[in-house]
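What follows is one structure encoded as structure tokens, with my remarks underneath.
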Amino acid sequence: MKYADMAVPSRALHLWRYTPWARIHPTKVSEVPDANDVQFDVLEGGQLIEGAPRIVDGDDIGRVFLSELGGSAWTMETDGQSDIIHLQAVTSGENAVGHLHLVMNHDVAVVLHLTGQSEWAGLHITGTVNANVRAAFGLVNELSPKGKLLHCEDWTIGRDATLELAGLSIGGSRCKSDVRSRLTASGGALSQAISVHGSGQRHVDHHIEIHHDVHHTNSSLNIHAACDDRSHSIATGLLTIAEDANHCDASQVFKNLLLSERARAEAIPELEVLADEVSAAHGAASAPVDQDQLHYLLSRGLDDETAVALLIEGFMQSGFSSLENKALVDEIQNRLAMHLERELEG
Amino acid sequence: MSVTDEVLRVENLHVSVDDTPILNGMNLTINRGEIHVVMGRNGAGKSTLASVVMGHPDYEITSGSIFYMGTNIDEMTVFERARAGMFLSFQYPAVIPGVQVGTFLKKSVQSVHDEPLKGRAFRKELNAAMATLEMQKSVLSRYVNDGFSGGEKKRLEILQMLLLKPTLALLDETDSGLDIDALRIVAKGINSVAPQAGCLIITHYQRLLDHVQPHYVHVMIDGTIVRTGGPELALKLEEQGYDWLEEPQEVEA
């Protein structure tokens with residue numbers, strides 16, 4: 001289906017309730033504007049090859065739109081030479097769009113650092129984790145504070161393969177992320193962790209879909225959002241377990257730390273379980289700073305500002321504690337620590 | 001006795017929580033180098049005493065005062081008290097996911113001692129303290145109290161005390177939940193701090209006193225001290241319980 005033939009999605013839909021299409025579209029919803037290429041570069045390890053398959057979900061307006069915008073397209077097939085690969089994606093101009101396809105053939109961590117000054121950025125990442133591979137991918141969104149971002153990801157996880165996905169959202173003013181993973185063969189596992197830092201009027205919307213198509217697949221999702229000022233974080237999760245996909249184990253946990261009276265956070269897990277013999281759990285919690293934790297730190301000589309900053313950092317860092325790829329976690333946690341230090345310094 | 005020997009003086013302290021009186025005319029003086037033990041039934045106000053001395057905001061002082069090193073500290077914030085040399089070992093230390101023990105210790109020591117940490121000197125001191133408490137170095141990369149056993153939490157409390165070198169150490173049931181070996185190790189930590197500090201140990205059990213020799217044992221009932229004695233008082237309480245203490249008496253340490 002072409003974008004011009006698609007109706008603007010209704011806000012009644014789960015996916016578009018909190019960030020309507022008009023708010024994330026770069027111009028008028030009827031337009032497909034010109035866009036610059038997102039500039040992809042390898043910072044360490046690996047090699048990019050120009051061109052990428054355009055995987056489009058015919059029903060999803062975001063993916064169709066990103067496809068029609070064009071932009072740069074690159075593929076990376078891991079070659080087993082590095083434990084960690086650092087990629088950079090830089091946006092520029094009014095609008096910028098890029099596509100990245102990752103083929104994970106080896107045990108490796110790939111970190112994509114997204115930066116740039118464009119007013120609007122579109123990023124579509126697709127990836128395959130092949131059989132018996134333990135792969136990890138992290139996206140660090142460090143866009144300029146005024147930028148808008150539409151970000152889609154689509155992953156396929158093969159037999160006995162493991163994918164760890166990390167997302168650190170600390171850039172951009174309005175961000176819509178739609179990340180979908182599909183466990184297509186038995187023994188597949190996904191661990192996904194996302195931390196969001198909301199400040200000013202930042203609006204961050206994560207929609208996470210995890211589909212267990214077959215039996216004996218596992219997944220876990222942890223989203224931690226720390227919201228200050230008038231920021232707004234939304235996390236919607238859709239977990240599906242197909243009929244006959246027995247012996248699956250899935251969990252989703254959403255935690256929000258509310259740091260001001262005007263900060264808002266929504267956490268909406270949704271489960272569609274059609275198999276009988278599965279374990280599927282979800283939980284959500286929103287709360288201000290824990291006063292017992294704060295008192296403990298104060299009693300150790302930290303002043304209020306330092307203590308709260310440490311609690312925020314701890315809250316956000318702990319979102320990644322479910323991930324086992326140390327190289328990925330260290331990189332993401334270092335980026336987070338640097339970001340929070342800069343914020344503290346004003 | 002010189003003024004500087006007095007570490008803590010609690011004068012006729014009345015404290016409430018949500019309009020419920022907890023401490024009712026508490027008097028206690030602790031000098032440097034003294035170990036005071038407070039015992040009493042559950043609900044007698046022992047932990048409240050420790051918390052209010054440390055400045056917990058949930059407790060309201062309705063009358064009376066607390067003096068630390070000769071200065072009234074009623075208006076001091078919690079972190080100011082910590083920086084002044086007061087330390088509370090919590091009965092239930094907070095769990096702080098995402099904050100590594102090593103990071104936390106550095107920030108705490110830096111805050112209390114108000115000077116930049118010298119890396120090598122700090123590591124040396126930390127290693128020595130951890131060796132005293134027979135702690136594994138791997139604890140430094142774990143999150144504060146996250147997934148810790150009861151004994152590990154109490155050892156971490158004592159480790160902090162050793163590094164912060166307080167002038168007043170308040171230990172709220174630090175011996176609870178410890179096995180015999182852990183009790184001995186924790187006692188070693190207390191004994192190493194005690195000569196330079198005033199210590200207030202809150203406990204239910206005499207067994208800690210096999211390893212830590214107190215100067216005074218106080219019994220609290222209904223928010224005030226009703227009896228003060230030496231270590232023999234703890235032994236008597238262990239044997240006879242609290243029922244024989246029917247008539248409260250005013251005693252100053």
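Chains: A, B, ... in order of the structure tokens. Residues: from 1 per chain. Ligands: from 1, in order shown.
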Give me, as a tab-separated table, the closest atom pair and its distance (Å, one decimal) for every residue of chain B within a cut-off of 6 Å of chain A, counting only C-alpha atoms, rows sorted by chain and rising number.
residue	atom	partner	partner_atom	distance
B:Val78	CA	A:Ser299	CA	5.6
B:Phe79	CA	A:Gly301	CA	4.4
B:Ala82	CA	A:Gly301	CA	4.9
B:Arg83	CA	A:Gly301	CA	5.3
B:Ala94	CA	A:Gln293	CA	5.4
B:Pro97	CA	A:Ser318	CA	5.8
B:Gly98	CA	A:Gly314	CA	3.7
B:Val99	CA	A:Gly314	CA	4.7
B:Ser108	CA	A:Arg300	CA	5.4
B:Ser111	CA	A:Gly301	CA	5.3
B:Val112	CA	A:Gly301	CA	5.1
Worksheet item: Where in segment 79-324 of chain A does DSSP assign helix (DSSP H, G or I), given as a PyMOL selection string?
Response: chain A and resi 291-298+304-318
Next, write the just-selected residues to a file, as a tab-separated table (two decimals), in the first residue's frame, keeping C-alpha atoms as the atom set.
chain	number	residue	atom	x	y	z
A	291	GLN	CA	11.84	8.45	50.52
A	292	ASP	CA	13.59	5.55	52.26
A	293	GLN	CA	16.23	5.44	49.53
A	294	LEU	CA	16.62	9.20	49.70
A	295	HIS	CA	16.96	9.20	53.49
A	296	TYR	CA	19.56	6.45	53.27
A	297	LEU	CA	21.73	8.49	50.91
A	298	LEU	CA	21.26	11.68	52.93
A	304	ASP	CA	19.53	16.40	48.39
A	305	GLU	CA	20.52	17.27	44.83
A	306	THR	CA	23.32	14.73	44.66
A	307	ALA	CA	21.21	12.04	46.31
A	308	VAL	CA	18.28	12.51	43.91
A	309	ALA	CA	20.66	12.56	40.92
A	310	LEU	CA	22.19	9.29	42.08
A	311	LEU	CA	18.75	7.74	42.52
A	312	ILE	CA	17.74	8.81	39.01
A	313	GLU	CA	20.92	7.36	37.59
A	314	GLY	CA	20.45	4.15	39.54
A	315	PHE	CA	16.85	3.86	38.40
A	316	MET	CA	17.81	4.29	34.77
A	317	GLN	CA	20.91	2.10	34.96
A	318	SER	CA	19.00	-0.71	36.62
* Polymer residues at most 10 Å from Phe87 of chain B, only C-alpha atoms, same-chain spacing of 2 or more positions, as a PyMOL selection string -> (chain A and resi 299-301) or (chain B and resi 50+53-54+81-85+89-90+157+160-161+164-171+199)
Keeping only C-alpha atoms, write the selected residues to a file as a PDB file, in the first residue's frame.
ATOM      1  CA  SER A 299      22.345   9.811  56.036  1.00  0.00           C
ATOM      2  CA  ARG A 300      25.572   9.041  54.216  1.00  0.00           C
ATOM      3  CA  GLY A 301      26.341  12.708  53.684  1.00  0.00           C
TER       4      GLY A 301
ATOM      5  CA  ALA B  50      18.191   6.349  66.655  1.00  0.00           C
ATOM      6  CA  VAL B  53      18.923  11.583  66.473  1.00  0.00           C
ATOM      7  CA  MET B  54      19.843  11.077  62.795  1.00  0.00           C
ATOM      8  CA  ARG B  81      24.429  15.538  60.623  1.00  0.00           C
ATOM      9  CA  ALA B  82      26.205  12.889  58.567  1.00  0.00           C
ATOM     10  CA  ARG B  83      28.876  15.368  57.507  1.00  0.00           C
ATOM     11  CA  ALA B  84      29.278  16.427  61.126  1.00  0.00           C
ATOM     12  CA  GLY B  85      30.259  12.854  62.009  1.00  0.00           C
ATOM     13  CA  SER B  89      23.594   1.686  60.805  1.00  0.00           C
ATOM     14  CA  PHE B  90      20.073   0.938  59.657  1.00  0.00           C
ATOM     15  CA  GLU B 157      26.639  -1.003  56.991  1.00  0.00           C
ATOM     16  CA  GLN B 160      30.498   2.274  55.643  1.00  0.00           C
ATOM     17  CA  MET B 161      31.023   3.024  59.307  1.00  0.00           C
ATOM     18  CA  LEU B 164      33.232   7.263  57.355  1.00  0.00           C
ATOM     19  CA  LYS B 165      34.916   7.180  60.785  1.00  0.00           C
ATOM     20  CA  PRO B 166      32.012   8.707  62.697  1.00  0.00           C
ATOM     21  CA  THR B 167      32.198  10.494  66.013  1.00  0.00           C
ATOM     22  CA  LEU B 168      28.791   9.126  66.927  1.00  0.00           C
ATOM     23  CA  ALA B 169      27.782   5.642  65.758  1.00  0.00           C
ATOM     24  CA  LEU B 170      24.168   4.586  66.127  1.00  0.00           C
ATOM     25  CA  LEU B 171      23.716   0.880  65.449  1.00  0.00           C
ATOM     26  CA  CYS B 199      28.479   4.274  70.295  1.00  0.00           C
TER      27      CYS B 199
END
Considering only C-alpha atoms, return as a PyMOL selection string whatever protein or nucleic-acid residues lie within 7 Å of segment 182-197 of chain A, sequence-local ones (same chain, fewer than 3 positions apart) excluded.
chain A and resi 155-170+210-227+316+319-320+323
Could you take the residues named above and write them with C-alpha atoms, as a CSV table (one decimal), in the first residue's frame?
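Heads up, here's the output in out_9.csv:
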chain,number,residue,atom,x,y,z
A,155,TRP,CA,13.8,-8.1,14.3
A,156,THR,CA,13.6,-11.7,13.5
A,157,ILE,CA,15.2,-14.1,16.0
A,158,GLY,CA,16.1,-17.6,14.8
A,159,ARG,CA,16.4,-21.0,16.3
A,160,ASP,CA,18.3,-21.1,19.6
A,161,ALA,CA,19.4,-17.5,19.0
A,162,THR,CA,19.4,-14.8,21.6
A,163,LEU,CA,19.0,-11.1,21.0
A,164,GLU,CA,19.5,-8.4,23.7
A,165,LEU,CA,18.1,-5.1,22.7
A,166,ALA,CA,19.0,-1.9,24.6
A,167,GLY,CA,17.5,1.5,24.0
A,168,LEU,CA,18.7,4.7,25.7
A,169,SER,CA,16.5,7.7,24.9
A,170,ILE,CA,18.1,10.9,26.0
A,210,ILE,CA,7.1,-9.0,20.9
A,211,HIS,CA,5.6,-12.0,19.0
A,212,HIS,CA,6.2,-15.6,20.1
A,213,ASP,CA,5.3,-17.4,17.0
A,214,VAL,CA,6.5,-20.8,18.1
A,215,HIS,CA,6.9,-22.9,21.2
A,216,HIS,CA,9.9,-22.8,23.7
A,217,THR,CA,10.7,-19.1,23.2
A,218,ASN,CA,11.4,-16.6,25.9
A,219,SER,CA,11.2,-12.9,26.2
A,220,SER,CA,11.6,-10.2,28.8
A,221,LEU,CA,11.0,-6.4,28.5
A,222,ASN,CA,12.0,-3.8,31.0
A,223,ILE,CA,11.3,-0.1,30.5
A,224,HIS,CA,12.4,2.5,33.0
A,225,ALA,CA,11.4,6.1,32.4
A,226,ALA,CA,12.5,8.9,34.7
A,227,CYS,CA,10.4,12.0,34.0
A,316,MET,CA,17.8,4.3,34.8
A,319,GLY,CA,16.8,-0.9,33.6
A,320,PHE,CA,19.7,-2.7,31.9
A,323,LEU,CA,21.0,-7.8,29.9
Practice task
Skip Val139 of chain B itself and residues of its chain fewer than 3 positions away, then list as a VMD selection string all residues within 10 Å of it, counting only C-alpha atoms.
Solution key: chain B and resid 100 to 102 130 135 to 136 142 to 145 148 152 156
Task: Long-range neighbours of Glu125 of chain B as a VMD selection string, 12 Å cut-off, only C-alpha atoms, 5 positions minimum in chain - done: chain B and resid 105 to 106 109 117 to 120 130 to 132 159 to 160 162 to 165
Any idea what's packed within 10 Å of Leu235 of chain B, counting only C-alpha atoms, ignoring anything in its chain fewer than 4 positions away? Could you give it as a ChimeraX atom specification? /B:205-207,209,230-231,239-241
Export N, CA and C atoms of the chosen residues as a compact mmCIF listing (two decimals), in the first residue's frame?
# COMPACT_ATOMS: atom_id res chain seq x y z
N TYR B 205 19.40 -8.72 71.90
CA TYR B 205 20.07 -9.93 72.38
C TYR B 205 21.37 -9.62 73.12
N GLN B 206 21.63 -10.45 74.10
CA GLN B 206 22.85 -10.30 74.89
C GLN B 206 24.07 -10.79 74.11
N ARG B 207 23.86 -11.65 73.10
CA ARG B 207 24.96 -12.36 72.46
C ARG B 207 26.00 -11.42 71.83
N LEU B 209 26.99 -8.82 73.07
CA LEU B 209 27.81 -8.29 74.16
C LEU B 209 28.88 -9.28 74.61
N GLY B 230 25.28 -1.96 84.13
CA GLY B 230 26.44 -2.40 83.35
C GLY B 230 26.08 -3.63 82.54
N PRO B 231 27.08 -4.33 82.03
CA PRO B 231 26.81 -5.51 81.19
C PRO B 231 25.97 -6.58 81.89
N GLU B 239 17.87 -13.48 80.95
CA GLU B 239 17.32 -14.57 81.79
C GLU B 239 15.87 -14.30 82.20
N GLN B 240 15.56 -13.07 82.52
CA GLN B 240 14.28 -12.79 83.18
C GLN B 240 13.29 -11.97 82.34
N GLY B 241 13.73 -11.46 81.19
CA GLY B 241 12.82 -10.65 80.40
C GLY B 241 12.64 -9.27 81.03
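Distances here use only C-alpha atoms; by that measure, the residue among A:Glu50, A:Glu324, A:Asp205, A:Glu94 closest to Arg23 of chain A is A:Asp205.
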Q.
What parts of segment 43-93 of chain B does DSSP call strand (DSSP E or B)? I'd like the answer as a list in words.
A.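 Reading the DSSP output for segment 43-93 of chain B, strand (DSSP E or B) covers Glu60, Ile61, Thr62, Ser63, Gly64, Ser65, Ile66, Phe67, Tyr68, Thr71, Asn72, Met86, Phe87, Leu88 and Ser89 of chain B.
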### Atom pair atom CA of Asp59 of chain A / atom CA of Val8 of chain A: separation (Å)
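About the pair atom CA of Asp59 of chain A and atom CA of Val8 of chain A: they are 11.6 Å apart.
Compared by their closest atoms to Glu173 of chain B, and using only C-alpha atoms, the residues B:Phe122, B:Ile190, B:Lys46, B:His211 rank with B:Lys46 nearest.
Nearest residue to Ser51 of chain B among B:Asn27, B:Gln91, B:Gln213, B:Gln110 is B:Gln91, counting only C-alpha atoms.
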Atom CA of His151 of chain A sits from atom CA of Asp60 of chain A at a separation of 12.5 Å
Could you check which of A:Gly237, A:Gly98, A:Pro288, A:Gly58 is closest to Ile268 of chain A, using only C-alpha atoms?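 Closest to Ile268 of chain A of all the choices is A:Gly237.
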Among A:Lys255, A:His206, A:Arg63, A:Lys148, Thr91 of chain A is approached most closely, using only C-alpha atoms, by A:Lys148
As a check of understanding: the span from atom CA of Ala263 of chain A to atom CA of Arg230 of chain A is 4.6 Å
